[in-house]
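start_18.cif follows; it contains mmCIF, C-alpha atoms.
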data_data
#
loop_
_atom_site.label_atom_id
_atom_site.label_comp_id
_atom_site.auth_asym_id
_atom_site.auth_seq_id
_atom_site.Cartn_x
_atom_site.Cartn_y
_atom_site.Cartn_z
CA MET A 309 74.74 62.08 94.53
CA PRO A 310 73.64 63.48 91.16
CA ILE A 311 70.23 64.99 90.65
CA PRO A 312 67.80 62.15 89.79
CA PHE A 313 67.10 62.01 86.09
CA ASP A 314 63.63 61.22 84.80
CA ASN A 315 63.19 61.76 81.07
CA THR A 316 59.42 61.42 81.33
CA LYS A 317 59.34 64.85 82.97
CA PHE A 318 61.39 66.57 80.30
CA SER A 319 59.86 69.32 78.21
CA SER A 320 61.34 70.62 74.99
CA ALA A 321 63.46 73.75 75.11
CA PRO A 322 64.85 74.12 71.57
CA ALA A 323 65.36 77.87 71.82
CA LEU A 324 67.33 77.68 75.05
CA GLU A 325 69.42 74.72 73.95
CA SER A 326 70.43 76.50 70.75
CA LEU A 327 72.64 78.81 72.84
CA PRO A 328 76.36 78.03 73.14
CA ASN A 329 77.32 75.89 76.12
CA GLU A 330 79.38 78.72 77.61
CA ILE A 331 76.28 80.91 77.84
CA LEU A 332 74.15 78.06 79.15
CA LEU A 333 76.71 77.35 81.88
CA GLN A 334 76.62 81.01 82.87
CA ILE A 335 72.83 80.97 82.99
CA ILE A 336 72.78 77.83 85.11
CA SER A 337 75.37 79.38 87.45
CA GLU A 338 73.05 82.33 87.97
CA VAL A 339 70.18 79.93 88.68
CA VAL A 340 72.33 78.12 91.26
CA LEU A 341 73.24 81.41 92.90
CA SER A 342 69.62 82.53 93.12
CA SER A 343 68.30 79.16 94.36
CA THR A 344 67.38 79.21 98.06
CA TRP A 345 65.87 76.82 100.55
CA PRO A 346 62.31 77.35 101.76
CA ASP A 347 62.54 78.47 105.39
CA HIS A 348 60.57 75.50 106.70
CA LYS A 349 62.90 73.03 104.96
CA LEU A 350 66.23 74.56 105.95
CA GLU A 351 66.82 72.48 109.08
CA GLN A 352 65.19 69.33 107.72
CA ALA A 353 67.21 69.07 104.54
CA SER A 354 70.57 67.34 104.68
CA PRO A 355 73.63 69.03 103.17
CA ILE A 356 74.69 67.10 100.11
CA ALA A 357 78.22 66.06 99.26
CA GLY A 358 79.84 68.29 96.71
CA THR A 359 78.06 71.44 97.81
CA THR A 360 78.02 73.80 100.75
CA LYS A 361 75.61 73.61 103.67
CA THR A 362 72.96 74.91 101.31
CA GLY A 363 73.72 71.98 99.01
CA TRP A 364 71.11 70.15 97.06
CA LYS A 365 72.53 67.70 94.56
CA GLY A 366 71.37 64.42 96.04
CA LEU A 367 67.89 65.21 97.32
CA LYS A 368 65.17 63.11 95.75
CA ARG A 369 61.95 64.84 96.69
CA ALA A 370 61.16 67.84 94.53
CA GLU A 371 59.84 69.83 97.48
CA GLU A 372 63.31 69.56 99.09
CA ILE A 373 65.11 70.97 96.03
CA PRO A 374 65.28 74.66 95.12
CA SER A 375 62.77 75.10 92.34
CA GLY A 376 65.17 76.99 90.08
CA ILE A 377 67.95 74.44 89.64
CA HIS A 378 65.51 71.54 89.85
CA ALA A 379 63.46 72.99 87.05
CA VAL A 380 66.56 73.40 84.89
CA THR A 381 67.57 69.77 85.33
CA LEU A 382 64.10 68.59 84.28
CA THR A 383 64.10 70.63 81.08
CA SER A 384 66.25 68.36 78.91
CA ARG A 385 69.03 65.84 79.05
CA HIS A 386 71.49 68.43 77.73
CA LEU A 387 70.64 70.99 80.41
CA HIS A 388 70.66 68.24 83.03
CA ASP A 389 74.25 67.37 82.09
CA LEU A 390 75.31 71.02 82.08
CA ALA A 391 73.74 71.51 85.50
CA ASN A 392 75.80 68.64 86.86
CA THR A 393 78.88 70.28 85.37
CA VAL A 394 78.16 73.49 87.29
CA LEU A 395 77.38 71.65 90.52
CA TYR A 396 80.52 69.51 90.41
CA ARG A 397 83.12 72.05 89.30
CA THR A 398 83.70 72.91 92.94
CA VAL A 399 83.19 70.12 95.48
CA VAL A 400 82.96 71.28 99.10
CA LEU A 401 82.74 68.65 101.85
CA ASP A 402 82.03 70.59 105.01
CA ARG A 403 80.53 67.94 107.27
CA GLU A 404 80.96 64.26 107.97
CA LYS A 405 77.75 63.50 106.10
CA ASP A 406 79.05 65.39 103.07
CA VAL A 407 82.19 63.25 102.96
CA LEU A 408 80.31 59.98 103.32
CA LEU A 409 77.71 60.89 100.69
CA PHE A 410 80.34 61.96 98.21
CA ARG A 411 82.25 58.74 98.85
CA ARG A 412 79.04 56.94 97.90
CA THR A 413 78.79 59.05 94.75
CA VAL A 414 82.36 58.05 93.86
CA ASP A 415 81.57 54.37 94.45
CA ASP A 416 78.48 54.61 92.23
CA ALA A 417 80.50 56.38 89.54
CA GLN A 418 83.08 53.58 89.60
CA LYS A 419 80.36 50.96 89.25
CA ALA A 420 78.80 52.89 86.37
CA SER A 421 82.17 52.99 84.61
CA ARG A 422 82.78 49.26 84.62
CA PRO A 423 82.97 47.49 81.25
CA GLY A 424 79.70 46.02 80.08
CA ARG A 425 77.57 48.59 81.87
CA THR A 426 74.59 49.56 79.69
CA GLY A 427 72.52 52.72 79.68
CA LYS A 428 73.52 56.36 79.98
CA VAL A 429 74.70 57.46 83.43
CA SER A 430 75.34 61.11 84.27
CA ILE A 431 78.08 60.68 86.87
CA THR A 432 80.96 58.40 85.91
CA SER A 433 84.59 58.19 86.96
CA ALA A 434 85.55 60.05 83.78
CA PHE A 435 83.04 62.79 84.60
CA LEU A 436 84.47 63.35 88.08
CA ARG A 437 88.03 63.25 86.78
CA ASN A 438 87.33 65.81 84.04
CA VAL A 439 84.79 68.12 85.70
CA VAL A 440 85.92 68.54 89.32
CA LYS A 441 88.41 71.44 89.30
CA ARG A 442 88.44 72.30 93.02
CA LEU A 443 88.13 69.88 95.92
CA ALA A 444 87.71 71.37 99.40
CA ILE A 445 87.54 68.94 102.30
CA THR A 446 86.86 71.35 105.15
CA HIS A 447 85.48 68.73 107.52
CA ALA A 448 88.00 67.95 110.26
CA PRO A 449 86.99 65.26 112.78
CA MET A 450 88.53 66.89 115.82
CA TYR A 451 87.90 67.62 119.45
CA THR A 452 89.97 70.00 121.52
CA ASP A 453 91.79 69.03 124.68
CA LEU A 454 92.32 72.45 126.24
CA ALA A 455 95.16 71.12 128.37
CA VAL A 456 97.55 70.41 125.54
CA PHE A 457 96.53 68.93 122.25
CA THR A 458 93.97 68.87 119.49
CA LEU A 459 93.21 65.23 118.71
CA ARG A 460 91.04 63.28 116.34
CA LYS A 461 87.45 62.90 117.44
CA LEU A 462 86.61 59.44 118.70
CA GLY A 463 84.02 57.54 116.71
CA SER A 464 84.52 59.43 113.46
CA LYS A 465 82.98 57.53 110.57
CA VAL A 466 85.29 59.05 107.95
CA SER A 467 88.37 56.95 107.30
CA ASP A 468 91.67 57.56 105.54
CA SER A 469 90.36 55.25 102.83
CA ASP A 470 87.35 57.52 102.25
CA ILE A 471 89.57 60.58 101.83
CA ALA A 472 92.01 58.73 99.57
CA THR A 473 89.20 57.40 97.37
CA ILE A 474 87.69 60.87 96.97
CA ILE A 475 91.03 62.51 96.13
CA THR A 476 91.81 59.74 93.65
CA ALA A 477 88.43 60.13 91.94
CA CYS A 478 88.98 63.90 91.60
CA SER A 479 92.47 63.55 90.15
CA GLY A 480 91.77 66.33 87.64
CA ALA A 481 91.34 68.94 90.38
CA HIS A 482 93.95 71.69 90.21
CA MET A 483 93.10 73.04 93.67
CA ILE A 484 92.77 71.02 96.89
CA THR A 485 91.93 72.28 100.37
CA ILE A 486 92.41 69.78 103.18
CA PRO A 487 92.76 69.89 106.98
CA SER A 488 96.12 68.96 108.40
CA GLN A 489 94.58 65.80 109.88
CA TRP A 490 94.12 64.40 106.37
CA ALA A 491 97.36 65.72 104.86
CA HIS A 492 99.17 62.42 105.36
CA VAL A 493 96.54 60.78 103.13
CA LEU A 494 97.40 63.18 100.34
CA ARG A 495 101.10 62.54 100.91
CA ASP A 496 100.66 58.77 100.84
CA ILE A 497 97.92 58.79 98.21
CA GLU A 498 99.26 55.92 96.12
CA LYS A 499 99.44 53.47 99.02
CA SER A 500 96.18 54.73 100.53
CA ALA A 501 94.35 54.24 97.23
CA GLU A 502 95.74 50.72 96.85
CA ASP A 503 94.55 49.84 100.36
CA SER A 504 91.05 51.19 99.72
CA GLU A 505 88.21 48.92 98.67
CA GLY A 506 88.17 50.27 95.14
CA GLY A 507 91.91 49.92 94.79
CA GLU A 508 92.12 52.41 91.90
CA ALA A 509 95.43 54.11 91.16
CA PRO A 510 95.35 57.89 91.57
CA GLY A 511 96.60 58.57 88.07
CA ASN A 512 98.41 61.82 87.42
CA LEU A 513 97.48 64.31 90.12
CA ASN A 514 97.88 67.78 88.71
CA VAL A 515 97.34 69.92 91.81
CA THR A 516 98.81 73.39 91.35
CA GLU A 517 97.28 75.05 94.42
CA LEU A 518 97.16 73.42 97.84
CA LEU A 519 95.71 74.72 101.10
CA LEU A 520 96.61 72.86 104.29
CA GLY A 521 94.68 73.62 107.47
CA SER A 522 97.94 73.82 109.40
CA TYR A 523 101.59 72.84 109.29
CA VAL A 524 102.29 69.15 108.90
CA ASP A 525 105.56 67.37 108.29
CA LEU A 526 105.27 66.13 104.72
CA ALA A 527 108.95 65.28 104.45
CA LYS A 528 109.04 62.61 107.16
CA THR A 529 107.14 59.52 108.11
CA ARG A 530 103.97 60.03 110.04
CA CYS A 531 104.35 60.84 113.74
CA THR A 532 102.74 58.25 115.98
CA ILE A 533 102.20 60.54 118.99
CA PRO A 534 101.15 64.20 119.13
CA PRO A 535 103.99 66.76 119.16
CA ILE A 536 104.47 68.81 122.31
CA ALA A 537 102.85 72.21 122.44
CA GLN A 538 105.03 75.24 121.84
CA TRP A 539 103.39 77.50 124.42
CA ARG A 540 106.03 79.78 125.89
CA PRO A 541 104.53 83.29 125.80
CA SER A 542 106.99 86.13 125.45
CA ALA A 543 106.45 89.74 126.45
CA PRO A 544 105.16 92.17 123.80
CA SER A 545 107.82 93.87 121.66
CA THR A 546 110.55 91.42 122.68
CA PRO A 547 113.22 92.15 120.06
CA ILE A 548 114.28 89.44 117.68
CA HIS A 549 118.01 89.23 117.19
CA SER A 550 119.41 89.98 113.76
CA LEU A 551 119.89 86.61 112.14
CA PRO A 552 122.10 85.43 109.30
CA VAL A 553 120.24 83.57 106.59
CA THR A 554 120.78 80.05 107.87
CA PRO A 555 118.23 77.26 107.45
CA SER A 556 116.38 76.09 110.54
CA THR A 557 116.22 72.65 108.97
CA THR A 558 119.32 71.73 110.93
CA ARG A 559 116.93 71.58 113.88
CA PRO A 560 114.18 68.91 113.98
CA SER A 561 110.75 70.01 112.81
CA THR A 562 109.46 69.31 116.29
CA PRO A 563 111.22 70.35 119.50
CA ASN A 564 110.70 66.97 121.16
CA PRO A 565 113.62 64.62 120.39
CA THR A 566 111.80 61.64 121.93
CA LEU A 567 109.10 61.50 119.26
CA GLN A 568 108.71 58.15 117.53
CA TYR A 569 107.97 57.81 113.85
CA ASP A 570 106.18 55.15 111.91
CA THR A 571 108.84 53.41 109.86
CA THR A 572 106.25 51.46 107.91
CA SER A 573 105.00 54.59 106.15
CA ALA A 574 104.67 54.56 102.39
CA LEU A 575 107.25 57.30 102.26
CA GLY A 576 109.96 54.74 101.80
CA ASP A 577 108.48 53.97 98.39
CA LEU A 578 107.18 57.40 97.44
CA SER A 579 108.79 60.82 97.25
CA PRO A 580 106.66 63.72 98.49
CA ALA A 581 108.36 65.92 95.91
CA THR A 582 106.90 63.68 93.19
CA ILE A 583 103.37 63.87 94.57
CA PHE A 584 103.49 67.65 94.98
CA HIS A 585 105.63 68.30 91.93
CA HIS A 586 103.12 70.61 90.20
CA VAL A 587 102.12 72.67 93.26
CA THR A 588 103.03 76.32 92.70
CA HIS A 589 100.79 77.91 95.36
CA LEU A 590 100.92 76.61 98.94
CA HIS A 591 98.73 78.14 101.65
CA ILE A 592 99.27 76.99 105.23
CA ALA A 593 96.13 78.33 106.86
CA GLU A 594 96.77 78.30 110.63
CA PRO A 595 99.66 77.80 113.08
CA ALA A 596 100.39 74.41 114.62
CA HIS A 597 101.15 73.59 118.25
CA ALA A 598 104.70 72.49 117.46
CA TRP A 599 107.56 73.96 115.46
CA TYR A 600 107.78 73.07 111.78
CA SER A 601 110.42 74.53 109.50
CA PRO A 602 108.87 76.62 106.68
CA LEU A 603 112.11 76.30 104.72
CA ALA A 604 111.74 72.51 104.58
CA LEU A 605 108.63 73.00 102.44
CA LEU A 606 110.77 74.07 99.49
CA GLU A 607 112.17 70.55 99.26
CA VAL A 608 108.71 69.00 99.30
CA PHE A 609 107.32 71.42 96.69
CA PRO A 610 110.02 71.94 94.03
CA SER A 611 107.82 74.11 91.78
CA LEU A 612 106.64 76.46 94.50
CA THR A 613 106.34 80.16 93.59
CA HIS A 614 103.76 81.39 96.14
CA ILE A 615 103.69 80.45 99.82
CA ALA A 616 101.58 81.60 102.79
CA LEU A 617 102.97 80.93 106.27
CA PRO A 618 101.10 81.41 109.58
CA ARG A 619 102.70 82.29 112.89
CA ARG A 620 101.29 82.82 116.39
CA ALA A 621 101.94 86.19 118.07
CA HIS A 622 103.37 86.35 121.62
CA ALA A 623 104.43 82.71 121.48
CA ASN A 624 107.97 81.36 121.48
CA THR A 625 110.72 83.93 120.81
CA GLU A 626 113.26 81.30 119.84
CA ASN A 627 110.89 79.89 117.24
CA ASP A 628 110.10 83.45 116.07
CA GLU A 629 113.78 83.87 115.27
CA LEU A 630 113.91 80.57 113.41
CA PHE A 631 110.75 81.52 111.50
CA ILE A 632 112.16 84.87 110.34
CA GLY A 633 115.43 83.18 109.39
CA ASP A 634 113.51 80.68 107.26
CA VAL A 635 111.52 83.44 105.57
CA LYS A 636 114.75 85.23 104.70
CA ALA A 637 116.13 82.03 103.20
CA ILE A 638 112.92 81.41 101.24
CA LEU A 639 113.08 84.91 99.76
CA LEU A 640 116.58 84.16 98.47
CA GLU A 641 115.07 81.57 96.13
CA PRO A 642 114.68 83.16 92.65
CA ARG A 643 111.53 81.14 91.92
CA ILE A 644 109.62 82.62 94.87
CA ARG A 645 107.30 85.40 93.70
CA MET A 646 105.17 85.94 96.79
CA VAL A 647 105.41 85.18 100.52
CA ILE A 648 102.52 85.93 102.88
CA ILE A 649 102.96 85.85 106.65
CA SER A 650 99.66 85.53 108.53
CA ILE A 651 100.04 86.41 112.19
CA PHE A 652 97.41 85.04 114.57
CA PRO A 653 96.50 86.20 118.08
CA GLN A 654 97.60 84.11 121.01
CA THR A 655 94.96 81.44 121.56
CA LEU A 656 94.58 78.10 123.29
CA VAL A 657 92.56 76.34 120.64
CA GLY A 658 94.69 74.63 118.00
CA ALA A 659 94.58 74.68 114.25
CA ASP A 660 91.53 73.71 112.17
CA GLN A 661 89.02 75.11 114.70
CA ASP A 662 86.28 77.55 113.77
CA GLN A 663 86.48 79.50 117.02
CA ALA A 664 89.45 80.72 119.00
CA VAL A 665 89.66 80.96 122.79
CA ASN A 666 91.83 83.64 124.32
CA ARG A 667 94.53 82.17 126.51
CA ASP A 668 95.34 85.46 128.26
CA ALA A 669 93.04 85.88 131.25
CA SER A 670 93.87 89.58 131.35
CA GLY A 671 92.70 90.11 127.78
CA SER A 672 94.13 89.71 124.32
CA GLN A 673 97.42 91.29 123.37
CA ASP A 674 97.68 93.32 120.19
CA ILE A 675 99.45 91.19 117.59
CA LYS A 676 101.05 94.33 116.15
CA ASP A 677 102.94 94.75 119.42
CA SER A 678 104.37 91.25 119.16
CA ALA A 679 107.98 90.48 118.33
CA ILE A 680 107.04 88.42 115.29
CA TRP A 681 104.88 91.18 113.79
CA LEU A 682 107.58 93.82 114.26
CA ALA A 683 110.23 91.55 112.77
CA ALA A 684 108.03 90.59 109.80
CA GLU A 685 107.12 94.22 109.13
CA GLY A 686 110.78 95.18 109.27
CA LEU A 687 111.57 92.54 106.68
CA ARG A 688 108.61 93.54 104.51
CA LYS A 689 109.78 97.15 104.13
CA GLY A 690 112.74 96.03 102.09
CA GLU A 691 111.05 93.22 100.17
CA GLY A 692 108.25 93.78 97.65
CA ARG A 693 107.35 90.10 97.47
CA LEU A 694 106.53 89.88 101.19
CA PHE A 695 103.11 90.64 102.69
CA VAL A 696 102.15 90.63 106.38
CA VAL A 697 98.48 90.19 107.29
CA ASP A 698 96.27 89.51 110.32
CA GLY A 699 95.30 85.87 110.70
CA HIS A 700 91.74 84.86 111.58
CA SER A 701 90.97 81.41 112.96
CA GLY A 702 88.58 79.42 110.78
CA SER A 703 88.58 81.94 107.91
CA TRP A 704 89.88 79.36 105.44
CA ARG A 705 86.72 77.33 106.02
CA GLN A 706 84.44 80.32 105.72
CA GLU A 707 85.84 81.09 102.26
CA TRP A 708 84.33 77.85 100.95
CA ARG A 709 80.83 78.38 102.33
CA GLY A 710 77.79 79.69 100.52
CA PRO A 711 76.13 79.00 97.14
CA ALA A 712 78.33 81.59 95.39
CA VAL A 713 81.36 79.31 95.76
CA VAL A 714 79.56 76.50 93.88
CA ALA A 715 77.97 78.80 91.33
CA SER A 716 81.14 80.65 90.33
CA PRO A 717 83.40 79.02 87.74
CA ARG A 718 86.28 80.40 89.83
CA GLY A 719 85.10 78.87 93.10
CA PRO A 720 86.04 81.09 96.06
CA GLY A 721 88.20 83.32 93.86
CA ASN A 722 91.90 84.09 93.93
CA TRP A 723 92.96 84.45 97.56
CA TRP A 724 96.43 85.67 96.62
CA ARG A 725 95.06 88.57 94.62
CA LYS A 726 92.74 89.45 97.48
CA VAL A 727 95.75 89.82 99.78
CA ILE A 728 97.48 92.14 97.32
CA SER A 729 94.39 94.28 96.88
CA THR A 730 93.74 94.78 100.62
#

Could you take the file, read its structure, and then write that structure out as structure tokens?
Amino acid sequence: MPIPFDNTKFSSAPALESLPNEILLQIISEVVLSSTWPDHKLEQASPIAGTTKTGWKGLKRAEEIPSGIHAVTLTSRHLHDLANTVLYRTVVLDREKDVLLFRRTVDDAQKASRPGRTGKVSITSAFLRNVVKRLAITHAPMYTDLAVFTLRKLGSKVSDSDIATIITACSGAHMITIPSQWAHVLRDIEKSAEDSEGGEAPGNLNVTELLLGSYVDLAKTRCTIPPIAQWRPSAPSTPIHSLPVTPSTTRPSTPNPTLQYDTTSALGDLSPATIFHHVTHLHIAEPAHAWYSPLALLEVFPSLTHIALPRRAHANTENDELFIGDVKAILLEPRIRMVIISIFPQTLVGADQDQAVNRDASGSQDIKDSAIWLAAEGLRKGEGRLFVVDGHSGSWRQEWRGPAVVASPRGPGNWWRKVIST
């Protein structure tokens, strides 16, 4: 929700308002960065949709709002509007409450944008569409079944309709981060938006950078049962055979041929390549439990130039070979400028979890002794566009936390440049 506006509390600030908006936005960003919660209010205050866990946009009692940013919003209407611009440039929804509150903000913005509405309202549909540049939905309603799968948490209040409505409202965002559990909503955004209560069309999504919590099959209809796990540990330093550059897409994305697919999916009416047409940077954050072909992603994202692919160390040697073969084929594409392979330690907990549990009772195995690391490093030595890095479970969520992400006009910064510089 936006910061409550009360013009009776405004004081004049002619000198400050005479500054260019660019400078005022920078000043407000510094105020946001320096704003902190009082210690005694930290646990009592609720995180607010569109911010991090130290968020503050929707709180109504002045004692619950950091004095710095609250004072700025009460200075003048102009500064109030600029403050909302800073607070909404990067929307981070880290908890269930964040998602539900931001959905309410979207609903209120739609009501405020209806014809015949009188009075000035700070947050409208046009405001969200034009101001929100980065949308990070880092909340994933999951529980972990340590036997096999990671499944959706029972009783979750967040629906596909909520996610679709939020994405539709932020159609001007050029960067979206989303857990794999919600990826099908993004894929089927047109149908999901039509089925939502608001029923608004998503307009022209112009996402150029997309982060998915894990692999998900965006080229097929949605799977109706979980894929089988791909746990088949191999010994350290098991050599990977020299492979010709042949696509692994001749093999199904999942090793279980008995899987059933939902034939009523919207995919029959909508091409994933159209939805993701503008995406140039694709970051798959963490490995999945089942095999998915990295090469198949090139068909879904026709404008792709940068791609980050995760892989689990000491897992399935056969899939390691397929993975390396796909990377070789991807590097043959002239449009590809950068490929990052993130190699994760062998763990039992699946993708989109903040903490990893070691599966090896005898202790963790060094990922740099794994067959996949040795094969990736061997490929990297002859290819300047390829980078091999350690993967850390939950790090993609951590990058969106903290007031600096909201305060900075660049959000969490350029992850791709960070990889090059390390």

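The shortest atom-to-atom distance to Trp681 of chain A, with all atoms listed in the file taken into account, belongs to A:Arg619 out of A:His700, A:Ile638, A:Arg442, A:Arg619.
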
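Atom pair atom CA of Gln654 of chain A / atom CA of Ala621 of chain A: separated by 5.6 Å.
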
Legend entry - Hits of the PyMOL selection byres ((chain A and resi 686) around 12) in this structure, as a ChimeraX atom specification: /A:547-548,550,632,636,676,679-685,687-692,694-696

Legend entry - Nearest to Ala379 of chain A by atom-to-atom distance, counting all atoms listed in the file, from A:Val339, A:Leu494, A:Ile471, A:Ile675: A:Val339

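Using only C-alpha atoms, the smallest distance between any of A:Pro711, A:Pro328, A:Pro653, A:Gly521 and Leu617 of chain A comes from A:Gly521.
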
Inset, instruction - Go ahead and compute the interatomic distance for atom CA of Asn722 of chain A and atom CA of Ser488 of chain A, in Å to one decimal. - result: 21.4 Å

Inset, instruction - Rounded to one decimal place, report the atom CA of Leu603 of chain A-atom CA of Phe631 of chain A distance in Å. - result: 8.7 Å

Inset, instruction - Starting from the shown file, work through the PyMOL selection byres ((chain A and resi 337) around 10) and note down what comes out as a list in words. - result: Ile331, Leu332, Leu333, Gln334, Ile335, Ile336, Glu338, Val339, Val340, Leu341, Ser342, Ser343, Ile377, Leu390, Ala391, Thr393, Val394, Leu395, Pro711, Ala712, Val714, Ala715, Ser716 and Pro717 of chain A

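Proximity to Ile644 of chain A was assessed for A:Pro449, A:Thr588, A:Ala593, A:Ala623 counting all atoms listed in the file; the smallest distance is recorded for A:Thr588.
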
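Note on the selection: in this file the PyMOL selection byres ((chain A and resi 403) around 9) comes out as Pro355, Ala357, Lys361, Leu401, Asp402, Glu404, Lys405, Asp406, Val407, Leu408, Ile445, Thr446, His447, Ala448 and Pro449 of chain A.
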
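For the choices A:Leu630, A:Val440, A:Leu518, A:Ala598, the atom-to-atom distance to Ile615 of chain A is smallest for A:Leu518 when using all atoms listed in the file.
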
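Counting all atoms listed in the file and comparing A:Leu640, A:Ala444, A:Ala481, A:Ile497, the residue that lies closest to Trp704 of chain A is A:Ala444.
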
Can you complete the atoms of segment 707-713 of chain A to all heavy atoms and list them as a JSON list (two decimals), in the coordinates of the input?
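Done, and the output landed in out-v6.json:
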[["chain", "number", "residue", "atom", "x", "y", "z"],
["A", 707, "GLU", "N", 85.69, 80.72, 103.67],
["A", 707, "GLU", "CA", 85.84, 81.09, 102.26],
["A", 707, "GLU", "C", 85.18, 80.09, 101.31],
["A", 707, "GLU", "O", 84.89, 80.42, 100.17],
["A", 707, "GLU", "CB", 87.33, 81.22, 101.91],
["A", 707, "GLU", "CG", 88.00, 82.40, 102.58],
["A", 707, "GLU", "CD", 89.51, 82.41, 102.35],
["A", 707, "GLU", "OE1", 90.01, 81.45, 101.72],
["A", 707, "GLU", "OE2", 90.17, 83.35, 102.80],
["A", 708, "TRP", "N", 84.93, 78.88, 101.80],
["A", 708, "TRP", "CA", 84.33, 77.85, 100.95],
["A", 708, "TRP", "C", 82.84, 77.69, 101.18],
["A", 708, "TRP", "O", 82.22, 76.78, 100.60],
["A", 708, "TRP", "CB", 85.03, 76.51, 101.20],
["A", 708, "TRP", "CG", 86.41, 76.47, 100.65],
["A", 708, "TRP", "CD1", 87.58, 76.67, 101.34],
["A", 708, "TRP", "CD2", 86.80, 76.22, 99.30],
["A", 708, "TRP", "NE1", 88.65, 76.57, 100.49],
["A", 708, "TRP", "CE2", 88.20, 76.28, 99.25],
["A", 708, "TRP", "CE3", 86.08, 75.93, 98.12],
["A", 708, "TRP", "CZ2", 88.92, 76.08, 98.06],
["A", 708, "TRP", "CZ3", 86.79, 75.72, 96.95],
["A", 708, "TRP", "CH2", 88.19, 75.79, 96.92],
["A", 709, "ARG", "N", 82.24, 78.54, 102.00],
["A", 709, "ARG", "CA", 80.83, 78.38, 102.33],
["A", 709, "ARG", "C", 79.95, 79.33, 101.52],
["A", 709, "ARG", "O", 80.35, 80.44, 101.22],
["A", 709, "ARG", "CB", 80.62, 78.60, 103.83],
["A", 709, "ARG", "CG", 81.20, 77.47, 104.67],
["A", 709, "ARG", "CD", 81.14, 77.73, 106.15],
["A", 709, "ARG", "NE", 81.68, 76.60, 106.92],
["A", 709, "ARG", "CZ", 81.97, 76.63, 108.19],
["A", 709, "ARG", "NH1", 81.80, 77.75, 108.88],
["A", 709, "ARG", "NH2", 82.46, 75.56, 108.79],
["A", 710, "GLY", "N", 78.75, 78.87, 101.24],
["A", 710, "GLY", "CA", 77.79, 79.69, 100.52],
["A", 710, "GLY", "C", 77.60, 79.23, 99.08],
["A", 710, "GLY", "O", 78.52, 78.67, 98.47],
["A", 711, "PRO", "N", 76.43, 79.45, 98.52],
["A", 711, "PRO", "CA", 76.13, 79.00, 97.14],
["A", 711, "PRO", "C", 76.99, 79.69, 96.09],
["A", 711, "PRO", "O", 77.20, 79.14, 95.02],
["A", 711, "PRO", "CB", 74.65, 79.34, 96.97],
["A", 711, "PRO", "CG", 74.37, 80.40, 97.99],
["A", 711, "PRO", "CD", 75.26, 80.10, 99.15],
["A", 712, "ALA", "N", 77.52, 80.88, 96.38],
["A", 712, "ALA", "CA", 78.33, 81.59, 95.39],
["A", 712, "ALA", "C", 79.59, 80.82, 95.05],
["A", 712, "ALA", "O", 80.09, 80.90, 93.92],
["A", 712, "ALA", "CB", 78.68, 82.99, 95.91],
["A", 713, "VAL", "N", 80.13, 80.07, 96.00],
["A", 713, "VAL", "CA", 81.36, 79.31, 95.76],
["A", 713, "VAL", "C", 81.09, 78.21, 94.73],
["A", 713, "VAL", "O", 81.91, 77.95, 93.85],
["A", 713, "VAL", "CB", 81.88, 78.70, 97.07],
["A", 713, "VAL", "CG1", 83.06, 77.78, 96.81],
["A", 713, "VAL", "CG2", 82.28, 79.80, 98.04]]
